[in-house]
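Engineer: Sharing coords34.tsv here; it has TSV, C-alpha atoms and all ligand atoms.
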chain	number	residue	atom	x	y	z
D	14	MET	CA	103.93	77.57	94.04
D	15	ASN	CA	107.48	77.45	95.15
D	16	ASP	CA	107.89	78.66	98.61
D	17	PHE	CA	106.17	79.68	101.82
D	18	PHE	CA	106.44	82.15	104.67
D	19	THR	CA	105.87	80.68	108.13
D	20	LEU	CA	103.50	82.72	110.28
D	21	SER	CA	103.82	83.18	114.05
D	22	ASP	CA	101.18	80.48	114.64
D	23	GLY	CA	103.35	77.96	112.76
D	24	SER	CA	101.18	77.80	109.62
D	25	GLN	CA	102.51	78.59	106.15
D	26	ILE	CA	101.33	80.86	103.37
D	27	PRO	CA	102.67	81.32	99.81
D	28	LYS	CA	105.46	83.86	99.39
D	29	ILE	CA	103.41	85.76	96.80
D	30	GLY	CA	99.73	86.59	96.97
D	31	PHE	CA	97.39	88.10	94.40
D	32	GLY	CA	95.85	91.56	94.85
D	33	THR	CA	92.31	92.17	93.64
D	34	PHE	CA	91.92	95.95	93.96
D	35	ASN	CA	89.73	96.67	92.07
D	36	ASP	CA	88.13	97.74	88.74
D	37	ALA	CA	89.62	94.86	86.80
D	38	PHE	CA	88.02	92.37	89.18
D	39	ALA	CA	84.72	93.91	90.25
D	40	ASP	CA	82.11	91.70	88.57
D	41	ASN	CA	84.92	89.90	86.80
D	42	LYS	CA	85.53	86.41	88.03
D	43	THR	CA	87.26	85.38	84.78
D	44	SER	CA	90.51	87.19	85.56
D	45	ILE	CA	90.62	85.69	89.04
D	46	ILE	CA	89.99	82.21	87.63
D	47	GLN	CA	92.93	82.91	85.31
D	48	ALA	CA	95.07	83.80	88.35
D	49	ILE	CA	94.11	80.51	90.03
D	50	GLU	CA	95.06	78.67	86.81
D	51	CYS	CA	98.41	80.50	86.79
D	52	GLY	CA	99.12	79.08	90.25
D	53	TYR	CA	98.13	81.79	92.76
D	54	ARG	CA	96.74	80.34	95.96
D	55	PHE	CA	96.57	83.44	98.20
D	56	PHE	CA	94.06	86.20	97.41
D	57	ASP	CA	93.76	89.61	98.98
D	58	THR	CA	90.46	91.47	98.90
D	59	ALA	CA	88.49	93.86	101.15
D	60	SER	CA	84.90	94.89	101.64
D	61	LEU	CA	85.92	98.29	100.23
D	62	TYR	CA	87.18	96.84	96.93
D	63	GLU	CA	83.84	95.26	96.03
D	64	THR	CA	85.73	92.26	94.67
D	65	GLU	CA	84.79	89.73	97.36
D	66	ARG	CA	81.88	88.45	95.29
D	67	SER	CA	84.05	87.98	92.17
D	68	LEU	CA	86.64	86.15	94.25
D	69	GLY	CA	84.00	83.88	95.79
D	70	ASN	CA	82.54	83.14	92.35
D	71	ALA	CA	86.01	82.48	90.92
D	72	VAL	CA	86.97	80.03	93.67
D	73	LYS	CA	83.67	78.18	93.25
D	74	GLU	CA	83.81	78.04	89.46
D	75	SER	CA	87.48	77.15	89.24
D	76	GLY	CA	86.66	73.90	91.02
D	77	ILE	CA	89.59	74.30	93.40
D	78	ALA	CA	89.01	72.98	96.91
D	79	ARG	CA	88.33	75.77	99.40
D	80	ASN	CA	91.13	74.55	101.67
D	81	GLU	CA	93.65	74.93	98.86
D	82	VAL	CA	93.23	78.71	98.67
D	83	PHE	CA	93.87	81.39	101.27
D	84	ILE	CA	91.34	84.21	101.35
D	85	GLU	CA	92.28	87.43	103.08
D	86	THR	CA	89.75	90.23	103.47
D	87	LYS	CA	89.38	93.40	105.54
D	88	LEU	CA	86.76	95.45	107.28
D	89	TRP	CA	86.68	99.13	106.36
D	90	ILE	CA	86.82	102.14	108.70
D	91	ASP	CA	83.05	102.56	108.71
D	92	GLU	CA	82.74	98.90	109.77
D	93	MET	CA	84.79	99.30	112.97
D	94	GLY	CA	83.39	98.78	116.45
D	95	ALA	CA	82.10	95.49	117.88
D	96	GLU	CA	78.61	95.46	116.40
D	97	ASN	CA	79.62	96.85	113.00
D	98	ALA	CA	82.42	94.30	112.74
D	99	ARG	CA	80.04	91.44	113.43
D	100	ILE	CA	77.74	92.67	110.65
D	101	ALA	CA	80.71	93.26	108.31
D	102	VAL	CA	82.12	89.75	108.65
D	103	GLU	CA	78.74	88.16	107.93
D	104	LYS	CA	78.44	90.26	104.77
D	105	SER	CA	81.95	89.33	103.68
D	106	LEU	CA	81.31	85.63	104.26
D	107	LYS	CA	78.15	85.86	102.19
D	108	ARG	CA	79.83	87.69	99.31
D	109	LEU	CA	82.79	85.30	99.40
D	110	GLN	CA	80.38	82.35	99.55
D	111	THR	CA	82.43	80.64	102.21
D	112	ASP	CA	82.01	79.71	105.85
D	113	TYR	CA	85.42	80.96	106.92
D	114	ILE	CA	87.97	83.66	106.13
D	115	ASP	CA	91.64	82.70	106.36
D	116	ILE	CA	92.93	86.12	107.42
D	117	TYR	CA	90.62	88.95	108.52
D	118	MET	CA	92.18	92.41	108.82
D	119	ILE	CA	91.37	95.86	110.10
D	120	HIS	CA	91.94	97.84	106.90
D	121	TRP	CA	92.94	101.16	108.42
D	122	PRO	CA	93.93	102.10	111.99
D	123	ARG	CA	92.00	105.34	112.33
D	124	GLN	CA	88.53	106.46	111.38
D	125	SER	CA	89.34	110.13	111.54
D	126	GLY	CA	92.28	112.50	111.71
D	127	ALA	CA	95.24	112.97	114.00
D	128	ASP	CA	93.21	114.83	116.64
D	129	ASP	CA	91.01	111.84	117.34
D	130	GLU	CA	92.24	110.26	120.55
D	131	LYS	CA	89.57	107.56	120.57
D	132	TRP	CA	91.23	105.49	117.85
D	133	LYS	CA	92.99	103.27	120.39
D	134	GLU	CA	89.74	102.22	122.07
D	135	LEU	CA	88.01	101.67	118.74
D	136	ASP	CA	90.85	99.51	117.41
D	137	ILE	CA	90.80	97.39	120.58
D	138	GLU	CA	87.02	97.02	120.58
D	139	THR	CA	87.13	95.94	116.93
D	140	TRP	CA	90.00	93.55	117.58
D	141	HIS	CA	88.22	91.89	120.49
D	142	ALA	CA	85.16	91.33	118.27
D	143	MET	CA	87.48	89.77	115.70
D	144	GLU	CA	88.99	87.50	118.36
D	145	ASP	CA	85.45	86.24	119.02
D	146	MET	CA	85.15	85.44	115.29
D	147	VAL	CA	88.24	83.22	115.59
D	148	LYS	CA	86.69	81.46	118.57
D	149	GLN	CA	83.52	80.89	116.51
D	150	GLY	CA	85.61	79.39	113.69
D	151	ILE	CA	84.43	81.85	111.01
D	152	VAL	CA	87.88	83.48	110.87
D	153	LYS	CA	91.15	81.51	111.08
D	154	LYS	CA	93.71	84.26	111.69
D	155	LEU	CA	93.73	87.98	112.34
D	156	GLY	CA	95.75	90.70	110.66
D	157	LEU	CA	96.18	94.43	110.28
D	158	SER	CA	96.63	96.78	107.40
D	159	ASN	CA	98.37	100.18	107.37
D	160	PHE	CA	99.21	99.85	111.07
D	161	LEU	CA	102.35	101.78	112.00
D	162	PRO	CA	104.36	100.88	115.13
D	163	HIS	CA	102.19	102.91	117.55
D	164	HIS	CA	99.00	101.37	116.13
D	165	LEU	CA	100.49	97.88	116.21
D	166	LYS	CA	101.70	98.28	119.80
D	167	ASN	CA	98.18	99.24	120.91
D	168	ILE	CA	96.87	95.93	119.53
D	169	LEU	CA	99.76	93.86	120.87
D	170	ASP	CA	99.33	95.32	124.35
D	171	ASN	CA	95.63	94.49	124.43
D	172	CYS	CA	95.13	91.27	122.49
D	173	THR	CA	94.77	87.62	123.36
D	174	ILE	CA	95.16	86.59	119.70
D	175	ARG	CA	98.14	88.21	118.03
D	176	PRO	CA	98.06	89.55	114.46
D	177	VAL	CA	99.89	87.32	111.99
D	178	ALA	CA	100.44	90.01	109.34
D	179	ASP	CA	100.40	93.76	108.69
D	180	GLN	CA	99.76	94.93	105.14
D	181	LEU	CA	101.70	98.10	104.35
D	182	GLU	CA	102.56	100.16	101.31
D	183	LEU	CA	106.01	98.71	100.52
D	184	HIS	CA	108.08	98.74	97.35
D	185	PRO	CA	111.66	99.57	96.38
D	186	GLY	CA	112.01	103.24	97.28
D	187	HIS	CA	109.30	103.09	99.95
D	188	LEU	CA	110.31	100.58	102.59
D	189	GLN	CA	108.86	101.99	105.84
D	190	GLU	CA	111.73	100.52	107.84
D	191	ALA	CA	110.30	101.54	111.23
D	192	ALA	CA	107.04	99.71	110.57
D	193	VAL	CA	108.69	96.66	108.98
D	194	ASN	CA	111.22	96.32	111.81
D	195	CYS	CA	108.45	96.61	114.39
D	196	CYS	CA	106.48	93.86	112.60
D	197	LYS	CA	109.48	91.56	112.49
D	198	ALA	CA	110.41	92.17	116.13
D	199	ASN	CA	106.90	91.09	117.08
D	200	GLY	CA	106.52	88.06	114.82
D	201	VAL	CA	104.14	89.86	112.42
D	202	LEU	CA	104.68	89.17	108.71
D	203	PRO	CA	104.93	92.40	106.70
D	204	MET	CA	102.90	92.20	103.48
D	205	ALA	CA	103.52	94.64	100.64
D	206	TRP	CA	100.62	96.39	99.00
D	207	SER	CA	101.40	98.15	95.71
D	208	PRO	CA	104.67	96.12	95.56
D	209	LEU	CA	105.07	97.32	91.95
D	210	SER	CA	104.48	100.95	92.90
D	211	HIS	CA	100.99	100.67	91.46
D	212	GLY	CA	102.52	99.96	88.03
D	213	LYS	CA	104.87	102.97	88.17
D	214	ASP	CA	108.14	101.08	88.78
D	215	ASN	CA	109.70	102.73	85.77
D	216	ASP	CA	109.09	106.26	86.98
D	217	ARG	CA	110.82	106.07	90.33
D	218	ALA	CA	114.10	107.54	91.46
D	219	GLY	CA	116.44	104.53	91.48
D	220	ALA	CA	114.62	102.79	88.62
D	221	GLY	CA	117.99	102.66	86.84
D	222	MET	CA	119.27	100.24	89.47
D	223	LEU	CA	116.26	98.00	89.02
D	224	ALA	CA	116.83	98.09	85.26
D	225	LYS	CA	120.48	97.14	85.67
D	226	LEU	CA	119.60	94.13	87.80
D	227	ALA	CA	116.82	93.19	85.41
D	228	GLU	CA	119.37	93.06	82.62
D	229	LYS	CA	121.85	91.03	84.70
D	230	TYR	CA	119.29	88.35	85.63
D	231	GLY	CA	117.27	88.40	82.39
D	232	LYS	CA	114.19	89.45	84.34
D	233	SER	CA	111.79	92.40	84.28
D	234	ILE	CA	112.14	95.25	86.77
D	235	GLN	CA	108.85	94.09	88.29
D	236	GLN	CA	110.34	90.64	88.91
D	237	ILE	CA	113.39	92.28	90.53
D	238	SER	CA	111.09	94.31	92.82
D	239	LEU	CA	109.12	91.22	93.88
D	240	ARG	CA	112.25	89.13	94.42
D	241	PHE	CA	113.80	91.95	96.46
D	242	LEU	CA	110.78	92.17	98.77
D	243	ILE	CA	110.70	88.41	99.29
D	244	GLN	CA	114.39	88.33	100.15
D	245	LYS	CA	113.67	91.11	102.71
D	246	GLY	CA	111.13	88.79	104.35
D	247	ILE	CA	108.15	90.74	102.97
D	248	MET	CA	105.23	89.07	101.19
D	249	PRO	CA	104.16	90.97	98.05
D	250	ILE	CA	100.58	90.84	96.77
D	251	PRO	CA	100.87	92.23	93.22
D	252	LYS	CA	97.77	92.89	91.19
D	253	ALA	CA	97.80	91.93	87.52
D	254	SER	CA	94.96	91.84	85.06
D	255	SER	CA	96.89	90.43	82.12
D	256	ALA	CA	97.73	86.72	82.14
D	257	ALA	CA	101.29	87.50	81.01
D	258	HIS	CA	101.81	89.72	84.06
D	259	MET	CA	100.19	87.15	86.35
D	260	ARG	CA	102.58	84.45	85.17
D	261	SER	CA	105.71	86.56	85.12
D	262	ASN	CA	105.09	87.77	88.70
D	263	LEU	CA	105.30	84.15	89.85
D	264	GLU	CA	108.58	83.54	88.02
D	265	VAL	CA	110.80	84.94	90.74
D	266	PHE	CA	111.99	81.77	92.42
D	267	ASP	CA	114.72	80.79	89.94
D	268	PHE	CA	117.27	83.49	90.81
D	269	GLU	CA	118.64	85.21	93.89
D	270	LEU	CA	119.88	88.77	94.41
D	271	THR	CA	123.23	89.03	96.19
D	272	GLU	CA	123.48	90.59	99.65
D	273	ASP	CA	125.09	93.68	98.09
D	274	GLU	CA	122.28	94.03	95.56
D	275	VAL	CA	119.66	93.80	98.32
D	276	SER	CA	121.61	96.44	100.22
D	277	ILE	CA	121.82	98.72	97.17
D	278	LEU	CA	118.06	98.47	96.56
D	279	THR	CA	117.39	99.01	100.27
D	280	SER	CA	119.44	102.21	100.04
D	281	MET	CA	117.46	103.63	97.11
D	282	PRO	CA	116.14	107.14	97.79
D	283	GLN	CA	112.89	106.85	99.72
D	284	THR	CA	109.85	108.46	98.14
D	285	ALA	CA	106.53	109.65	99.55
D	286	TRP	CA	103.49	107.45	100.04
D	287	LEU	CA	101.50	106.61	96.94
D	288	GLY	CA	98.51	106.18	99.21
D	289	GLU	CA	97.39	108.12	102.27
D	290	HIS	CA	99.29	108.47	105.56
D	291	PRO	CA	97.51	106.26	108.12
D	292	ASP	CA	97.46	109.01	110.77
D	293	PHE	CA	97.04	112.21	108.84
D	294	ALA	CA	95.08	111.53	105.69
D	295	ILE	CA	92.16	109.25	106.31
D	296	PRO	CA	90.80	107.92	102.99
D	297	ASP	CA	87.58	109.61	102.05
D	298	ARG	CA	85.85	106.42	100.93
D	299	LYS	CA	82.89	104.49	102.29
D	300	SER	CA	81.95	100.83	102.08
D	301	ASN	CA	78.95	100.20	99.87
D	302	PRO	CA	75.98	99.21	102.06
D	303	ASP	CA	74.29	97.58	99.06
D	304	ASN	CA	77.30	95.48	98.13
B	1	LIG	N1	95.75	97.50	102.41
B	1	LIG	C1	95.64	98.56	101.62
B	1	LIG	O1	95.34	99.69	102.08
B	1	LIG	C2	95.89	98.40	100.15
B	1	LIG	C3	96.01	99.53	99.34
B	1	LIG	C4	96.24	99.34	97.98
B	1	LIG	C5	96.34	98.05	97.47
B	1	LIG	N2	96.20	96.96	98.29
B	1	LIG	C6	96.30	95.56	97.78
B	1	LIG	O2	97.56	95.43	97.11
B	1	LIG	C7	97.32	94.94	95.79
B	1	LIG	C8	98.41	95.40	94.84
B	1	LIG	O3	98.52	96.81	94.82
B	1	LIG	P1	98.14	97.71	93.55
B	1	LIG	O4	97.05	97.04	92.77
B	1	LIG	O5	97.87	99.08	94.05
B	1	LIG	O6	99.46	97.86	92.72
B	1	LIG	P2	100.66	96.96	92.18
B	1	LIG	O7	100.40	95.51	92.39
B	1	LIG	O8	101.89	97.56	92.73
B	1	LIG	O9	100.63	97.31	90.63
B	1	LIG	C9	99.59	96.90	89.77
B	1	LIG	C10	99.91	97.45	88.39
B	1	LIG	O10	101.11	96.85	87.93
B	1	LIG	C11	100.90	96.28	86.65
B	1	LIG	N3	101.68	95.04	86.57
B	1	LIG	C12	101.48	93.90	87.27
B	1	LIG	N4	102.43	92.99	86.95
B	1	LIG	C13	103.22	93.56	86.02
B	1	LIG	C14	104.36	93.11	85.30
B	1	LIG	N5	104.85	91.90	85.50
B	1	LIG	N6	104.92	93.97	84.41
B	1	LIG	C15	104.43	95.21	84.23
B	1	LIG	N7	103.37	95.69	84.89
B	1	LIG	C16	102.76	94.88	85.78
B	1	LIG	C17	99.41	95.98	86.59
B	1	LIG	O11	99.03	95.99	85.23
B	1	LIG	P3	97.85	95.03	84.63
B	1	LIG	O12	96.70	95.13	85.58
B	1	LIG	O13	97.62	95.63	83.30
B	1	LIG	O14	98.36	93.62	84.55
B	1	LIG	C18	98.85	97.16	87.37
B	1	LIG	O15	98.75	98.31	86.56
B	1	LIG	C19	95.92	95.47	95.47
B	1	LIG	O16	95.34	94.81	94.37
B	1	LIG	C20	95.21	95.23	96.79
B	1	LIG	O17	94.82	93.86	96.91
B	1	LIG	C21	95.98	97.13	99.63
Since I need it in another form, could you write the structure as structure tokens?
Structural biologist:
Amino acid sequence: MNDFFTLSDGSQIPKIGFGTFNDAFADNKTSIIQAIECGYRFFDTASLYETERSLGNAVKESGIARNEVFIETKLWIDEMGAENARIAVEKSLKRLQTDYIDIYMIHWPRQSGADDEKWKELDIETWHAMEDMVKQGIVKKLGLSNFLPHHLKNILDNCTIRPVADQLELHPGHLQEAAVNCCKANGVLPMAWSPLSHGKDNDRAGAGMLAKLAEKYGKSIQQISLRFLIQKGIMPIPKASSAAHMRSNLEVFDFELTEDEVSILTSMPQTAWLGEHPDFAIPDRKSNPDN
């Protein structure tokens, strides 16, 4: 793979990762093996996705050395708190069939709605348990997911190990500038989940601009979206189940958008979240205790 982002601890990770949420990869190691063969070396999963086992199987069966792939996983909201987190990481390690996780994230900043004032304490308690995992060597780096500036600040004010990344819903037309700027000001790499608008790139306001640039560079609008995010210093983790999509999403290092083009795409009309708002709409999903 072509290029790397440097994290705040000085280590490097590929500029594009591979998302494994979820039906296409649950009990399906073949597609993930295909992604490894295409050249992906960074994989995003979560206990909630139920794809950790497929990813672990794929890494094993592909024959690739463990230290040549980055594995990122997350604990879910019902796995927060010191004791729950300790149980959650052991389960993840077992499913992933590995003795360490490269980046371990808190998936969501709040367990319940906006009236719950205890979220700060719970985030800190969970984070401190995760810091212990780093000291034990079972986790290499810590990260966050869906943390907005106020959630991020709570961690930064109370941590001894700083988060290296924050995974946010980011794509052209939904850039969450406040959160991204806060990440960058604090040395936290913003990662883009649903970087291709969950496959709905074509439907968005401003899609015409993406199409125009796609024509200019002889690329697809998805490649323009990925290139745009990378040039904004954001790491996309697209999901693809077809090998053609997997390959084409990596072919974004042979062209460069101009400053004006980046500015035009940055100025696209901003649309609502595809997912839930981290403070006001807590996902109504539970981790599977039998997984
Ligand atoms: N932290 C969080 O809360 C959170 C939330 C959601 C997602 N995520 C992570 O982010 C990853 C990516 O997000 P996502 O899966 O929601 O959406 P996405 O990556 O934005 O879009 C995936 C869709 O785009 C299609 N696609 C991929 N490459 C394409 C290409 N080159 N041309 C045309 N279509 C293409 C895929 O089709 P095919 O499958 O048919 O190839 C699939 O339907 C997830 O897998 C997960 O790891 C994290």
Engineer: Name the residues in contact with Asn80 in chain D at a cut-off of 12 Å, using all atoms listed in the file, excluding same-chain residues fewer than 2 positions from it; report them as a PDB file with C-alpha atoms, in the frame of the given file.
Structural biologist:
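Written file, around.pdb:
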ATOM      1  CA  ARG D  54      96.740  80.340  95.960  1.00  0.00           C
ATOM      2  CA  PHE D  55      96.570  83.440  98.200  1.00  0.00           C
ATOM      3  CA  VAL D  72      86.970  80.030  93.670  1.00  0.00           C
ATOM      4  CA  LYS D  73      83.670  78.180  93.250  1.00  0.00           C
ATOM      5  CA  GLY D  76      86.660  73.900  91.020  1.00  0.00           C
ATOM      6  CA  ILE D  77      89.590  74.300  93.400  1.00  0.00           C
ATOM      7  CA  ALA D  78      89.010  72.980  96.910  1.00  0.00           C
ATOM      8  CA  VAL D  82      93.230  78.710  98.670  1.00  0.00           C
ATOM      9  CA  PHE D  83      93.870  81.390 101.270  1.00  0.00           C
ATOM     10  CA  ILE D  84      91.340  84.210 101.350  1.00  0.00           C
ATOM     11  CA  THR D 111      82.430  80.640 102.210  1.00  0.00           C
ATOM     12  CA  ASP D 112      82.010  79.710 105.850  1.00  0.00           C
ATOM     13  CA  TYR D 113      85.420  80.960 106.920  1.00  0.00           C
ATOM     14  CA  ILE D 114      87.970  83.660 106.130  1.00  0.00           C
ATOM     15  CA  ASP D 115      91.640  82.700 106.360  1.00  0.00           C
ATOM     16  CA  LYS D 153      91.150  81.510 111.080  1.00  0.00           C
TER      17      LYS D 153
END
Engineer: Go through D:Val193, D:Ile277, D:Ile247, D:Met259 one by one, measure the shortest atom-to-atom distance of each to ligand LIG 1 (chain B) using only C-alpha atoms and all ligand atoms, and give the residue with the smallest value.
Structural biologist: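 Of the candidates, the smallest distance to ligand LIG 1 (chain B) is held by D:Met259.
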Engineer: Check every protein, DNA and RNA residue against ligand LIG 1 (chain B), keep those with an atom at most 8 Å away (counting only C-alpha atoms and all ligand atoms), and present them as JSON, numbers by chain.
Structural biologist: {"D": [31, 32, 33, 34, 35, 37, 56, 57, 58, 59, 120, 121, 158, 159, 180, 181, 182, 184, 205, 206, 207, 208, 209, 210, 211, 212, 213, 233, 234, 235, 236, 249, 250, 251, 252, 253, 254, 255, 256, 257, 258, 259, 260, 261, 262, 288]}
Engineer: Nearest to Asp16 in chain D among D:Thr271, D:Ser300, D:Ile237, D:Met248, with distances taken over all atoms listed in the file: which residue is it?
Structural biologist: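 Once distances to Asp16 in chain D are computed over all atoms listed in the file, the minimum belongs to D:Met248.
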Engineer: Please provide as a list in words all residues within 9 Å of Gln124 in chain D, with the sequence filter that same-chain residues fewer than 3 positions apart are discarded (counting only C-alpha atoms).
Structural biologist: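 So the residues in contact are Ile90, Asp91, Met93, Trp121, Asp129, Trp132, Leu135, Ile295 and Pro296 of chain D.
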Engineer: Between CA of Cys172 in chain D and CA of Phe293 in chain D, what distance in Å does the model show, to one decimal?
Structural biologist: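 Interatomic distance here is 25.1 Å.
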Engineer: Name the residues, using the chain letters and numbers of the file, that sit within 8 Å of (96.3, 111.8, 110.5) when counting all atoms listed in the file, and give them as number ranges by chain.
Structural biologist: D: 123, 125-128, 290-295
Engineer: Just checking: using only C-alpha atoms, which residue out of D:Ser44, D:Asn199, D:Gln189, D:Ser67 ends up closest to Leu20 in chain D?
Structural biologist: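 For Leu20 in chain D, the nearest of the candidates is D:Asn199.
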Engineer: Calculated over only C-alpha atoms, which of the candidates D:Val265, D:Leu278, D:Ala220, D:Ala142 has the smallest distance to Arg99 in chain D?
Structural biologist: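 When distances to Arg99 in chain D are compared using only C-alpha atoms, the smallest one comes from D:Ala142.
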Engineer: Got a sec: who's within 9 Å of range 100-110 of chain D, counting all atoms listed in the file, leaving out chain neighbours fewer than 4 positions off, as a list in words?
Structural biologist: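 Neighbouring residues, sequence-local ones excluded: Ala59, Ser60, Thr64, Glu65, Arg66, Ser67, Leu68, Gly69, Asn70, Val72, Lys73, Ile84, Thr86, Lys87, Leu88, Trp89, Glu92, Met93, Ala95, Glu96, Ile114, Tyr117, Met143, Met146, Ile151, Val152 and Asn304 of chain D.
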Engineer: For Thr284 in chain D, which residue among D:Ile49, D:Leu270, D:Val147, D:Leu183 is the nearest when counting all atoms listed in the file?
Structural biologist: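 Comparing D:Ile49, D:Leu270, D:Val147, D:Leu183 against Thr284 in chain D, the winner is D:Leu183.
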Engineer: Please determine, counting only C-alpha atoms, which residue among D:Pro203, D:Gly186, D:Gly231, D:Gly221 has the shortest atom-to-atom distance to Leu287 in chain D.
Structural biologist: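 Looking at the shortest contact to Leu287 in chain D, the residue is D:Gly186.
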Engineer: Mind giving me the straight-line distance from CA of Ile45 in chain D to CA of Gly30 in chain D in Å, one decimal?
Structural biologist: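 Distance reported for this atom pair: 12.1 Å.
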Engineer: Please report the interatomic distance between CA of Gly94 in chain D and CA of Lys299 in chain D in Å with one decimal.
Structural biologist: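 So the two atoms, CA of Gly94 in chain D and CA of Lys299 in chain D, lie 15.3 Å apart.
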